[in-house]
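Student: Here you go, one structure.
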Amino acid sequence: MASLDPQTRQNLLNDGRRLALMCAWFDNEFPEEFSPQQKREHLESVYGDGGETASLFEDLDRAFEQPISEDQLDELFMRSAAWFEAIDPADNGYDTLEEALTGIFDDEGHTAKLYREIKARASV
């Protein structure tokens, strides 16, 4: 196997960290004993988006279980950014998306930071 140049290696490490953060963010919604089906049902009931959120979570989770192509990785980041961007700040009494993410998720800005990272990667 050929070795990777330092920049490619760093990019892959950063992508893996971002994917892990996004999966952990979703996983925080579930009791530990939830089965995959219970997770899907929970996400479908909470987000009411026809299963889009559940599918995104499952695809993010699957990215750790099996190899994916660079195109699939790019798509995961674009879908993740779009998921956050579907939140309308005005519907929630905020001026900006980052304010909304901080206020809605009440996590001292961690969700807004995650969004910035995902958005920056999706824009590459």
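Simple scheme: letters A, B, ... for chains in structure tokens order, numbers from 1 for residues in each chain, numbers from 1 for ligands in the order shown.
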When you look at Phe77 of chain A with a cut-off of 7 Å (counting only C-alpha atoms), what residues show up, excluding the ones that are within fewer than 5 positions of it in the same chain? I need them as a PyMOL selection string.

Tutor: chain A and resi 118+121-122

Student: With C-alpha atoms retained, write the just-selected residues as a JSON list (two decimals), in the first residue's frame.

Tutor:
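Now in again.json:
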[["chain", "number", "residue", "atom", "x", "y", "z"],
["A", 118, "ILE", "CA", -19.27, 20.43, 8.66],
["A", 121, "ARG", "CA", -15.81, 20.67, 4.82],
["A", 122, "ALA", "CA", -18.92, 20.50, 2.63]]

Student: Hey, what's within 12 Å of Ala86 of chain A if we count only C-alpha atoms and toss same-chain stuff fewer than 6 positions away? As a PyMOL selection string, please?

Tutor: chain A and resi 47+49+52-53+79-80+97+100-101+115

Student: Taking N, CA, C and O atoms for each residue, export the selection above as a compact mmCIF listing (two decimals), in the first residue's frame.

Tutor:
# COMPACT_ATOMS: atom_id res chain seq x y z
N TYR A 47 -38.18 14.38 14.34
CA TYR A 47 -37.92 15.35 13.27
C TYR A 47 -39.02 15.41 12.23
O TYR A 47 -39.12 16.40 11.51
N ASP A 49 -39.50 14.36 9.28
CA ASP A 49 -39.05 14.76 7.94
C ASP A 49 -39.06 13.60 6.95
O ASP A 49 -38.27 13.57 6.00
N GLU A 52 -35.64 11.46 6.55
CA GLU A 52 -34.36 12.00 6.05
C GLU A 52 -33.30 12.05 7.14
O GLU A 52 -32.15 11.71 6.90
N THR A 53 -33.70 12.50 8.34
CA THR A 53 -32.73 12.57 9.44
C THR A 53 -32.27 11.17 9.82
O THR A 53 -31.07 10.95 10.02
N ARG A 79 -24.88 16.60 2.91
CA ARG A 79 -26.18 16.29 3.52
C ARG A 79 -26.24 16.74 4.97
O ARG A 79 -27.27 17.23 5.45
N SER A 80 -25.13 16.58 5.68
CA SER A 80 -25.08 17.01 7.09
C SER A 80 -25.23 18.52 7.19
O SER A 80 -25.99 19.03 8.03
N LEU A 97 -28.49 31.38 11.91
CA LEU A 97 -28.51 29.94 12.11
C LEU A 97 -27.65 29.55 13.32
O LEU A 97 -28.05 28.72 14.13
N ALA A 100 -29.48 30.20 16.43
CA ALA A 100 -30.54 29.20 16.57
C ALA A 100 -29.98 27.87 17.05
O ALA A 100 -30.54 27.24 17.96
N LEU A 101 -28.87 27.43 16.46
CA LEU A 101 -28.28 26.16 16.87
C LEU A 101 -27.84 26.20 18.33
O LEU A 101 -28.03 25.22 19.07
N TYR A 115 -21.55 22.55 13.27
CA TYR A 115 -22.09 23.00 11.99
C TYR A 115 -21.03 23.74 11.18
O TYR A 115 -20.87 23.49 9.99

Student: When you count only C-alpha atoms, which of these residues is closest to Met78 of chain A: A:Gln38, A:Asn92, A:Thr111, A:Ser123?

Tutor: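 Going through A:Gln38, A:Asn92, A:Thr111, A:Ser123 one by one, the smallest distance to Met78 of chain A is for A:Ser123.
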
Student: Within 8 Å of Arg40 of chain A, counting only C-alpha atoms, which residues qualify if same-chain residues fewer than 6 places away don't, as a list in words?

Tutor: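 Surrounding residues, per the criterion: Gly51, Ala54 and Ser55 of chain A.
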
Student: Between A:Gln10, A:Met22, A:Ile104, A:Leu4, which has the minimum distance to Trp83 of chain A (counting only C-alpha atoms)?

Tutor: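 That would be A:Met22, the residue with the smallest distance to Trp83 of chain A.
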
Student: Between A:Leu19, A:Gly48, A:Asp74, A:Phe34, single out the one closest to Arg62 of chain A, counting only C-alpha atoms.

Tutor: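 Checking each candidate against Arg62 of chain A, we get A:Leu19 as the closest.
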
Student: Can you measure atom CA of Gly93 of chain A to atom CA of Val46 of chain A for me? One decimal in Å is fine.

Tutor: 19.8 Å

Student: Between atom CA of Asn28 of chain A and atom CA of Glu98 of chain A, measure the distance and give it in Å to one decimal.

Tutor: 19.7 Å

Student: Given only C-alpha atoms as the basis, pick out the residue of A:Cys23, A:Ala120, A:Leu43, A:Ala112 nearest to Thr96 of chain A.

Tutor: A:Ala112

Student: Per DSSP on the backbone, filter segment 7-112 of chain A down to the residues in helix (DSSP H, G or I) and report them as JSON, numbers by chain.

Tutor: {"A": [7, 8, 9, 10, 11, 12, 13, 14, 15, 16, 17, 18, 19, 20, 21, 22, 23, 24, 25, 26, 27, 36, 37, 38, 39, 40, 41, 42, 43, 44, 45, 46, 47, 52, 53, 54, 55, 56, 57, 58, 59, 60, 61, 62, 70, 71, 72, 73, 74, 75, 76, 77, 78, 79, 80, 81, 82, 83, 84, 85, 89, 90, 91, 92, 97, 98, 99, 100, 101, 102, 103, 104, 105, 110, 111, 112]}

Student: Using the selection just defined, write its residues with C-alpha atoms as a CSV table (one decimal), in the first residue's frame.

Tutor:
chain,number,residue,atom,x,y,z
A,7,GLN,CA,-1.7,16.8,3.7
A,8,THR,CA,-3.9,13.9,2.5
A,9,ARG,CA,-3.3,12.0,5.7
A,10,GLN,CA,-4.3,15.1,7.8
A,11,ASN,CA,-7.4,15.7,5.7
A,12,LEU,CA,-8.5,12.1,6.2
A,13,LEU,CA,-8.0,12.3,9.9
A,14,ASN,CA,-10.0,15.6,10.1
A,15,ASP,CA,-12.8,14.0,8.0
A,16,GLY,CA,-12.9,11.0,10.4
A,17,ARG,CA,-13.0,13.3,13.4
A,18,ARG,CA,-15.9,15.3,11.8
A,19,LEU,CA,-17.8,12.2,11.1
A,20,ALA,CA,-17.3,10.9,14.6
A,21,LEU,CA,-18.5,14.2,16.0
A,22,MET,CA,-21.6,14.2,13.9
A,23,CYS,CA,-22.4,10.6,14.8
A,24,ALA,CA,-21.8,11.3,18.5
A,25,TRP,CA,-24.1,14.4,18.2
A,26,PHE,CA,-26.9,12.2,17.0
A,27,ASP,CA,-26.1,9.4,19.4
A,36,PRO,CA,-31.0,0.6,15.3
A,37,GLN,CA,-34.8,0.3,14.6
A,38,GLN,CA,-35.6,2.2,17.8
A,39,LYS,CA,-33.2,4.9,16.8
A,40,ARG,CA,-34.8,5.2,13.4
A,41,GLU,CA,-38.3,5.4,14.9
A,42,HIS,CA,-37.2,8.0,17.4
A,43,LEU,CA,-35.6,10.2,14.8
A,44,GLU,CA,-38.6,9.9,12.5
A,45,SER,CA,-41.0,10.9,15.3
A,46,VAL,CA,-38.9,13.8,16.6
A,47,TYR,CA,-37.9,15.3,13.3
A,52,GLU,CA,-34.4,12.0,6.0
A,53,THR,CA,-32.7,12.6,9.4
A,54,ALA,CA,-32.8,8.9,10.2
A,55,SER,CA,-31.3,8.0,6.9
A,56,LEU,CA,-28.5,10.6,7.4
A,57,PHE,CA,-27.7,9.2,10.8
A,58,GLU,CA,-27.7,5.6,9.5
A,59,ASP,CA,-25.4,6.6,6.6
A,60,LEU,CA,-23.0,8.4,9.0
A,61,ASP,CA,-23.0,5.4,11.3
A,62,ARG,CA,-22.4,3.0,8.3
A,70,GLU,CA,-14.5,10.1,-1.5
A,71,ASP,CA,-17.7,11.0,-3.4
A,72,GLN,CA,-19.8,9.3,-0.8
A,73,LEU,CA,-17.9,11.1,2.0
A,74,ASP,CA,-18.4,14.4,0.2
A,75,GLU,CA,-22.1,13.7,0.0
A,76,LEU,CA,-22.3,12.9,3.7
A,77,PHE,CA,-20.8,16.2,4.6
A,78,MET,CA,-23.1,18.1,2.1
A,79,ARG,CA,-26.2,16.3,3.5
A,80,SER,CA,-25.1,17.0,7.1
A,81,ALA,CA,-24.6,20.7,6.4
A,82,ALA,CA,-28.0,20.8,4.6
A,83,TRP,CA,-29.6,19.1,7.6
A,84,PHE,CA,-28.5,22.0,9.8
A,85,GLU,CA,-29.4,24.6,7.2
A,89,PRO,CA,-33.7,30.7,12.7
A,90,ALA,CA,-36.7,33.0,12.4
A,91,ASP,CA,-39.1,30.1,13.2
A,92,ASN,CA,-37.3,29.8,16.5
A,97,LEU,CA,-28.5,29.9,12.1
A,98,GLU,CA,-25.6,29.8,14.6
A,99,GLU,CA,-27.7,31.6,17.2
A,100,ALA,CA,-30.5,29.2,16.6
A,101,LEU,CA,-28.3,26.2,16.9
A,102,THR,CA,-26.9,27.5,20.1
A,103,GLY,CA,-30.3,28.3,21.6
A,104,ILE,CA,-32.3,25.3,20.3
A,105,PHE,CA,-29.8,22.7,21.4
A,110,HIS,CA,-21.1,23.0,20.5
A,111,THR,CA,-23.7,22.3,17.9
A,112,ALA,CA,-23.0,25.7,16.2
